[in-house]
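**Student:** One file is attached below, structure-v9.txt, containing compact mmCIF, C-alpha atoms.
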```txt
# COMPACT_ATOMS: atom_id res chain seq x y z
CA MET A 27 0.00 0.00 0.00
CA ILE A 28 1.52 3.35 -1.06
CA PRO A 29 1.13 6.07 1.61
CA SER A 30 -1.01 8.99 0.50
CA PRO A 31 1.71 11.71 0.52
CA LEU A 32 3.94 9.48 -1.59
CA LEU A 33 1.11 8.75 -3.99
CA PHE A 34 0.38 12.46 -4.25
CA ALA A 35 4.06 13.23 -4.88
CA LEU A 36 4.18 10.50 -7.52
CA LEU A 37 1.12 11.88 -9.25
CA LEU A 38 2.50 15.39 -9.02
CA ASP A 39 5.70 14.28 -10.69
CA GLN A 40 3.86 12.34 -13.38
CA VAL A 41 0.97 14.76 -13.84
CA PRO A 42 1.95 18.32 -12.87
CA LEU A 43 -1.46 19.56 -13.96
CA LEU A 44 -2.85 17.83 -10.88
CA LEU A 45 -1.51 20.58 -8.63
CA PHE A 46 -2.31 23.38 -11.05
CA SER A 47 -5.85 22.16 -11.60
CA LEU A 48 -6.84 22.45 -7.92
CA PRO A 49 -7.18 26.29 -7.87
CA LEU A 50 -9.13 26.11 -11.13
CA ILE A 51 -11.50 23.51 -9.68
CA ALA A 52 -11.99 25.64 -6.57
CA ALA A 53 -12.71 28.76 -8.63
CA ALA A 54 -15.04 26.92 -11.00
CA SER A 55 -16.91 25.37 -8.06
CA PHE A 56 -17.44 28.79 -6.51
CA VAL A 57 -18.65 30.38 -9.75
CA PHE A 58 -20.98 27.45 -10.54
CA ALA A 59 -22.39 27.74 -7.01
CA ALA A 60 -22.67 31.52 -7.17
CA THR A 61 -24.66 31.37 -10.40
CA HIS A 62 -27.20 29.00 -8.82
CA HIS A 63 -27.61 30.57 -5.37
CA GLU A 64 -27.83 33.96 -3.71
CA SER A 65 -27.42 33.47 0.03
CA PRO A 66 -23.79 33.17 1.21
CA THR A 67 -24.47 30.00 3.20
CA ALA A 68 -26.09 28.30 0.23
CA ILE A 69 -23.22 29.40 -2.03
CA TRP A 70 -20.68 27.95 0.41
CA TRP A 71 -22.36 24.53 0.61
CA ALA A 72 -22.96 24.42 -3.13
CA THR A 73 -19.27 25.25 -3.68
CA VAL A 74 -18.28 22.22 -1.60
CA GLU A 75 -20.78 20.06 -3.48
CA TRP A 76 -19.54 21.23 -6.89
CA ALA A 77 -15.92 20.70 -5.83
CA VAL A 78 -16.65 17.11 -4.82
CA TRP A 79 -18.40 16.46 -8.13
CA LEU A 80 -15.66 18.06 -10.22
CA VAL A 81 -12.83 16.31 -8.36
CA GLY A 82 -14.69 13.02 -8.67
CA ILE A 83 -15.36 13.33 -12.39
CA LEU A 84 -11.93 14.70 -13.30
CA GLY A 85 -10.26 12.17 -10.99
CA LEU A 86 -12.01 9.32 -12.77
CA VAL A 87 -10.96 10.71 -16.14
CA LEU A 88 -7.36 11.02 -14.90
CA LEU A 89 -7.46 7.47 -13.56
CA ALA A 90 -8.78 6.18 -16.87
CA VAL A 91 -6.06 8.02 -18.79
CA ILE A 92 -3.33 6.64 -16.50
CA LEU A 93 -4.71 3.10 -16.79
CA PHE A 94 -5.00 3.31 -20.57
CA GLY A 95 -1.47 4.74 -20.67
CA ARG A 96 -0.21 1.70 -18.77
CA LEU A 97 -2.06 -0.75 -20.98
CA ILE A 98 -0.98 0.68 -24.33
CA MET B 18 -77.48 55.68 -7.27
CA LEU B 19 -75.16 56.79 -10.05
CA SER B 20 -75.98 55.89 -13.60
CA ARG B 21 -73.39 54.16 -15.76
CA ASN B 22 -72.67 57.35 -17.72
CA ASP B 23 -72.14 59.34 -14.51
CA ALA B 24 -69.73 56.75 -13.19
CA LEU B 25 -67.74 56.83 -16.43
CA ALA B 26 -67.65 60.63 -16.40
CA LYS B 27 -66.45 60.62 -12.80
CA ARG B 28 -63.71 58.14 -13.66
CA LYS B 29 -62.52 60.39 -16.50
CA GLU B 30 -62.30 63.35 -14.12
CA ARG B 31 -59.98 61.46 -11.81
CA PRO B 32 -56.28 62.41 -12.34
CA ALA B 33 -54.27 59.62 -13.96
CA LEU B 34 -51.92 57.85 -11.58
CA PRO B 35 -48.25 57.83 -12.59
CA ALA B 36 -47.15 54.53 -14.13
CA PRO B 37 -45.21 52.44 -11.61
CA ALA B 38 -41.45 52.40 -12.21
CA ARG B 39 -40.40 49.31 -14.10
CA ARG B 40 -38.20 47.16 -11.88
CA ILE B 41 -36.58 44.02 -13.13
CA VAL B 42 -36.16 41.52 -10.38
CA ALA B 43 -35.05 37.94 -10.06
CA VAL B 44 -36.08 35.50 -7.39
CA SER B 45 -33.52 34.00 -5.05
CA PRO B 46 -33.73 30.21 -5.31
CA ASP B 47 -32.76 29.91 -1.64
CA ASP B 48 -35.40 31.96 0.20
CA GLY B 49 -37.59 33.32 -2.59
CA ALA B 50 -36.49 36.91 -1.89
CA ALA B 51 -36.58 39.40 -4.76
CA ILE B 52 -33.24 40.50 -6.21
CA ASP B 53 -33.28 43.95 -7.78
CA LEU B 54 -31.32 43.65 -11.03
CA LYS B 55 -31.59 47.44 -11.67
CA GLN B 56 -30.58 47.81 -15.33
CA PRO B 57 -29.56 44.26 -16.28
CA GLU B 58 -27.88 45.31 -19.54
CA LEU B 59 -25.69 47.86 -17.77
CA ALA B 60 -24.90 45.31 -15.05
CA ALA B 61 -23.85 42.80 -17.72
CA VAL B 62 -21.54 45.32 -19.39
CA LEU B 63 -19.99 46.25 -16.03
CA ALA B 64 -19.59 42.54 -15.19
CA TRP B 65 -17.82 42.04 -18.52
CA LEU B 66 -15.49 44.98 -17.93
CA VAL B 67 -14.45 43.89 -14.42
CA PRO B 68 -15.62 40.62 -12.83
CA GLY B 69 -18.11 41.28 -10.04
CA LEU B 70 -18.59 44.97 -10.89
CA GLY B 71 -22.10 44.29 -12.20
CA HIS B 72 -23.06 42.66 -8.91
CA LEU B 73 -21.62 45.58 -6.95
CA TYR B 74 -23.72 47.97 -9.05
CA GLN B 75 -26.82 45.91 -8.21
CA GLY B 76 -26.03 46.02 -4.51
CA ARG B 77 -25.14 42.32 -4.34
CA THR B 78 -21.97 43.40 -2.56
CA ARG B 79 -20.64 40.24 -0.98
CA LYS B 80 -21.25 38.08 -4.04
CA GLY B 81 -19.68 40.70 -6.28
CA ALA B 82 -16.61 41.18 -4.11
CA ILE B 83 -15.90 37.45 -3.77
CA SER B 84 -16.51 36.86 -7.49
CA MET B 85 -14.13 39.68 -8.35
CA GLY B 86 -11.48 38.23 -6.04
CA VAL B 87 -11.81 34.67 -7.32
CA VAL B 88 -11.74 35.46 -11.03
CA MET B 89 -9.04 38.11 -10.80
CA VAL B 90 -6.80 35.84 -8.70
CA ILE B 91 -7.09 33.08 -11.31
CA PHE B 92 -6.42 35.55 -14.10
CA LEU B 93 -3.43 37.18 -12.37
CA ALA B 94 -2.03 33.75 -11.48
CA GLY B 95 -2.21 32.90 -15.18
CA MET B 96 -0.44 36.10 -16.11
CA TRP B 97 2.24 35.37 -13.52
CA LEU B 98 2.72 31.79 -14.72
CA GLY B 99 3.00 33.00 -18.31
CA SER B 100 5.23 35.99 -17.45
CA GLY B 101 2.57 38.34 -18.79
CA ARG B 102 2.87 36.95 -22.35
CA VAL B 103 -0.10 34.62 -22.59
CA VAL B 104 -2.78 37.21 -23.33
CA TYR B 105 -2.56 38.85 -26.74
CA ALA B 106 -4.75 39.32 -29.79
CA SER B 107 -3.34 38.11 -33.07
CA TRP B 108 -5.24 37.25 -36.24
CA ARG B 109 -2.30 36.49 -38.55
CA PRO B 110 -2.89 33.31 -40.58
CA ASP B 111 0.19 31.62 -39.09
CA ASP B 112 -0.51 32.74 -35.52
CA THR B 113 -4.24 33.03 -34.98
CA ARG B 114 -4.67 33.29 -31.25
CA TRP B 115 -7.99 31.50 -30.76
CA TRP B 116 -7.36 31.37 -27.01
CA PHE B 117 -7.97 35.10 -26.98
CA VAL B 118 -11.69 34.49 -27.65
CA PRO B 119 -12.41 32.94 -24.21
CA GLN B 120 -9.83 35.24 -22.59
CA ALA B 121 -11.87 38.17 -23.89
CA GLY B 122 -14.61 37.20 -21.41
CA LEU B 123 -12.73 39.67 -19.22
CA GLY B 124 -13.13 43.14 -20.68
CA VAL B 125 -10.25 44.50 -18.62
CA VAL B 126 -8.10 42.05 -20.59
CA ALA B 127 -9.71 42.20 -23.98
CA ILE B 128 -9.59 45.96 -24.45
CA PRO B 129 -5.85 46.54 -23.79
CA ALA B 130 -4.90 43.46 -25.84
CA VAL B 131 -6.88 44.69 -28.84
CA ILE B 132 -5.41 48.19 -28.48
CA GLN B 133 -1.86 46.79 -28.34
CA SER B 134 -2.48 44.61 -31.39
CA MET B 135 -3.93 47.48 -33.43
CA ALA B 136 -1.11 49.81 -32.40
CA ILE B 137 1.74 47.47 -33.28
CA ASN B 138 0.19 46.77 -36.69
CA GLY B 139 -0.64 50.43 -37.24
CA PRO B 140 1.50 53.24 -38.69
CA SER B 141 3.46 53.78 -35.46
CA ARG B 142 4.70 50.14 -35.53
CA GLU B 143 4.93 50.01 -31.76
CA PRO B 144 2.54 49.07 -28.97
CA PHE B 145 0.47 51.77 -27.34
CA TRP B 146 1.99 50.94 -23.94
CA ALA B 147 5.71 50.93 -24.51
CA GLY B 148 6.29 48.10 -22.03
CA GLY B 149 4.69 45.79 -24.56
CA LEU B 150 2.35 44.10 -22.09
CA MET B 151 -0.29 42.09 -24.02
CA ALA B 152 1.37 42.96 -27.31
CA PRO B 153 1.40 40.12 -29.85
CA PRO B 154 4.73 38.40 -30.49
CA LEU B 155 6.84 39.61 -33.39
CA HIS B 156 7.08 37.39 -36.43
CA ASP B 157 9.71 37.00 -39.12
CA GLY B 158 9.78 40.05 -41.39
CA GLN B 159 7.65 42.29 -39.15
CA LEU B 160 8.52 45.98 -39.16
CA VAL B 161 8.71 47.74 -35.81
CA SER B 162 9.72 51.22 -34.71
CA ARG B 163 13.35 51.82 -33.75
CA ARG B 164 12.32 52.76 -30.23
CA TYR B 165 10.41 49.52 -29.67
CA ALA B 166 13.25 47.44 -31.15
CA GLU B 167 15.79 49.05 -28.84
CA ARG B 168 13.52 48.56 -25.86
CA LEU B 169 13.10 44.88 -26.67
CA ILE B 170 16.85 44.40 -27.06
CA GLN B 171 17.41 45.97 -23.66
CA THR B 172 14.68 44.13 -21.77
CA ASP B 173 14.39 40.72 -23.46
CA PRO B 174 17.40 38.48 -22.76
CA TYR B 175 16.50 36.31 -25.77
CA LEU B 176 16.78 39.20 -28.24
CA GLU B 177 19.90 40.93 -29.50
CA ASP B 178 20.72 43.66 -31.96
CA GLY B 179 21.37 41.15 -34.74
CA ASP B 180 17.74 40.01 -34.62
CA PHE B 181 16.66 43.25 -36.33
CA PHE B 182 17.54 44.40 -39.85
CA ASP B 183 17.84 48.09 -40.48
CA ARG B 184 14.93 49.22 -42.68
CA PRO B 185 14.73 53.03 -42.22
CA PRO B 186 12.64 54.43 -40.67
CA TYR B 187 11.84 51.05 -39.12
CA ARG B 188 13.66 47.92 -38.08
CA GLN B 189 12.68 44.52 -39.41
CA PHE B 190 12.51 41.52 -37.10
CA ARG B 191 14.12 38.36 -38.43
CA ALA B 192 13.20 35.66 -35.95
CA ASP B 193 10.09 34.16 -34.41
CA GLN B 194 9.27 35.55 -31.00
CA ILE B 195 6.51 33.06 -30.16
CA SER B 196 9.03 30.21 -30.47
CA MET B 197 11.33 32.09 -28.10
CA TRP B 198 8.49 32.49 -25.61
CA HIS B 199 7.68 28.77 -25.75
CA HIS B 200 11.34 27.91 -25.32
CA GLU B 201 11.70 30.29 -22.38
CA LEU B 202 8.51 29.41 -20.54
CA GLY B 203 8.05 25.75 -21.44
CA ARG B 204 4.88 24.26 -19.97
CA PHE B 205 4.16 27.48 -18.05
CA PHE B 206 3.09 29.15 -21.30
CA GLU B 207 0.30 26.58 -21.63
CA LEU B 208 -0.55 26.75 -17.93
CA GLY B 209 -0.78 30.53 -17.99
CA THR B 210 -2.95 30.34 -21.09
CA LEU B 211 -5.22 27.78 -19.38
CA TYR B 212 -5.64 29.92 -16.27
CA THR B 213 -6.49 33.07 -18.20
CA VAL B 214 -8.88 31.15 -20.47
CA VAL B 215 -10.70 29.63 -17.49
CA ALA B 216 -10.91 33.06 -15.83
CA GLY B 217 -12.51 34.51 -18.98
CA MET B 218 -14.98 31.64 -19.30
CA LEU B 219 -16.00 31.75 -15.64
CA ASN B 220 -16.65 35.45 -16.01
CA LEU B 221 -19.16 34.69 -18.78
CA LEU B 222 -21.23 32.83 -16.16
CA LEU B 223 -20.96 35.79 -13.80
CA ILE B 224 -22.09 38.12 -16.59
CA TYR B 225 -25.17 35.93 -17.04
CA ASP B 226 -25.80 36.02 -13.29
CA ALA B 227 -25.60 39.83 -13.27
CA TRP B 228 -27.94 40.04 -16.25
CA ALA B 229 -30.60 37.49 -15.31
CA GLY B 230 -30.05 36.58 -11.67
CA PRO B 231 -29.23 33.15 -10.29
CA MET B 232 -30.20 30.08 -12.25
CA HIS B 233 -32.55 27.75 -10.46
CA PRO B 234 -30.86 24.54 -9.40
CA PRO B 235 -32.12 21.37 -11.07
CA LYS B 236 -33.55 20.04 -7.80
CA ASP B 237 -36.25 22.75 -7.91
CA LYS B 238 -37.34 21.42 -11.28
CA HIS B 239 -37.41 17.89 -9.95
CA LYS B 240 -39.34 19.05 -6.93
CA LYS B 241 -41.83 20.89 -9.13
CA ASN B 242 -42.20 17.85 -11.36
CA SER B 243 -42.74 15.58 -8.37
CA ASP B 244 -45.27 18.02 -6.91
CA GLU B 245 -47.14 18.11 -10.22
CA SER B 246 -47.14 14.35 -10.50
CA ALA B 247 -48.35 14.09 -6.90
CA GLU B 248 -51.23 16.45 -7.69
CA GLU B 249 -52.07 14.49 -10.81
CA ALA B 250 -52.00 11.27 -8.83
CA ALA B 251 -54.33 12.77 -6.24
CA GLU B 252 -56.76 13.98 -8.91
CA ALA B 253 -56.71 10.89 -11.08
CA PRO B 254 -59.09 8.19 -9.92
CA THR B 255 -57.28 4.99 -8.99
CA GLU B 256 -58.55 1.60 -10.03
CA ALA B 257 -59.54 0.86 -6.44
CA ASN B 258 -61.52 4.10 -6.20
CA ALA B 259 -63.10 3.51 -9.56
CA GLU B 260 -64.13 0.02 -8.48
CA SER B 261 -65.51 1.26 -5.17
CA LYS B 262 -67.58 3.89 -6.97
CA GLN B 263 -69.17 1.30 -9.23
CA PRO B 264 -72.76 0.57 -8.31
CA ASP B 265 -73.39 -2.87 -6.94
```
Please express the file's structure as structure tokens.
**Tutor:**
Amino acid sequence: MIPSPLLFALLLDQVPLLLFSLPLIAAASFVFAATHHESPTAIWWATVEWAVWLVGILGLVLLAVILFGRLI
Amino acid sequence: MLSRNDALAKRKERPALPAPARRIVAVSPDDGAAIDLKQPELAAVLAWLVPGLGHLYQGRTRKGAISMGVVMVIFLAGMWLGSGRVVYASWRPDDTRWWFVPQAGLGVVAIPAVIQSMAINGPSREPFWAGGLMAPPLHDGQLVSRRYAERLIQTDPYLEDGDFFDRPPYRQFRADQISMWHHELGRFFELGTLYTVVAGMLNLLLIYDAWAGPMHPPKDKHKKNSDESAEEAAEAPTEANAESKQPD
């Protein structure tokens, strides 16, 4: 079992966009939330929800790309 | 008792009430409160010029301030990653900068870049702002003013005097500056471009929000649909009811 920091460092070395994508995901989550809500509390929770969705979807895509890269 | 004609005559005598001021409002999806959009078109233009400015104009202060901070931080981070060279407008056939289209979602970016591009291709042959920020890269054979050539030679470590031919009253560039930028910045050129593009695209959503108010989340639609179906189910006679209503 690879420890999480090591796995993160490995991914960072292999896929530098991983680090650089995090601020973009955070910003996109906020803007998506802000365009669907008006109250600050609702915007905050929707930002968290959008971030989880985006990280999940993009993480799966990244995983698929890495797996396909290993297979080919 | 007044006759109909008297009543009509009396109504005509009454002074006409002023028409109520037209207010355009949106409804908050969270608590149903009205959001005064003031002049939505003006708010949209302001939101395009500077992210969040449209919201500030509408009095949606906190949302506007945070939106401005988020989008501008992403944009400035992109400019920093790309050393200020990733935003420029160029429509030459061999260097059409399509990335400028989404970047132009930020008016504060689009306007200076267009001005720089027009100036460097105009009769002066130098960018409007002498520093060259947001000016398109020089290409092989391009004529530039002597002043701009000298400035580039002094400030850009990749350029030297031999990169410019003497073509009085101008100087002619004889290299490809975009290749130099890619060589100098490596992957950071692409990263800076990505950040500025995302900032511009996110601002398009904020412009829509300033113009039309918040979009209703999909769950409202689902809730409405489920409410409607529940009402239909309540109204529609079930088989059991129908059977029970049948006469014996």
**Student:** Enumerate as a PyMOL selection string the residues belonging to chain A that approach chain B to within 10 Å, with all atoms listed in the file taken into account.
**Tutor:** chain A and resi 42-43+46-47+49-69
**Student:** Find the residues near Ile41 in chain B: any atom within 8 Å, counting all atoms listed in the file, skip ones fewer than 3 places away on the same chain, and give them as a list in words.
**Tutor:**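 The contact residues come out as Asp53, Leu54, Lys55, Gln56 and Pro57 of chain B.
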**Student:** One decimal, Å: what's the distance from CA of Met197 in chain B over to CA of Phe117 in chain B, could you say?
**Tutor:** 19.6 Å
**Student:** Within 9 Å of (18.4, 43.5, -32.7) in the file's own coordinates, which protein, DNA or RNA residues have an atom, counting all atoms listed in the file? List them as an NGL selection string.
**Tutor:** :B and (166-167 or 169-170 or 176-182 or 188-191)
**Student:** Calculate how many Å separate CA of Leu45 in chain A from CA of Leu88 in chain A, rounding to one decimal.
**Tutor:**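 Rounded to one decimal, the two atoms are 12.8 Å apart.
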**Student:** Taking every listed atom of range 30-39 of chain A and adding 4 Å to each side, what centre and edge lengths in Å (one decimal) does the axis-aligned box have, as JSON?
**Tutor:**
```
{"center_x": 2.3, "center_y": 12.1, "center_z": -5.1, "size_x": 14.7, "size_y": 14.6, "size_z": 19.2}
```
**Student:** Quick one: distance from CA of Asp111 in chain B to CA of Pro129 in chain B in Å, one decimal?
**Tutor:**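 So the two atoms, CA of Asp111 in chain B and CA of Pro129 in chain B, lie 22.2 Å apart.
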**Student:** For Ala192 in chain B, which of B:Arg163, B:His156, B:Arg168, B:Arg114 is the closest residue, counting all atoms listed in the file?
**Tutor:**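 When distances to Ala192 in chain B are compared using all atoms listed in the file, the smallest one comes from B:His156.
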**Student:** Mind checking which residues fall within 7 Å of Met151 in chain B, counting all atoms listed in the file, ignoring those fewer than 2 positions away in the same chain, and posting them as a list in words?
**Tutor:**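 Here the answer would be Arg102, Val104, Tyr105, Ala130, Gln133, Gly149 and Pro153 of chain B.
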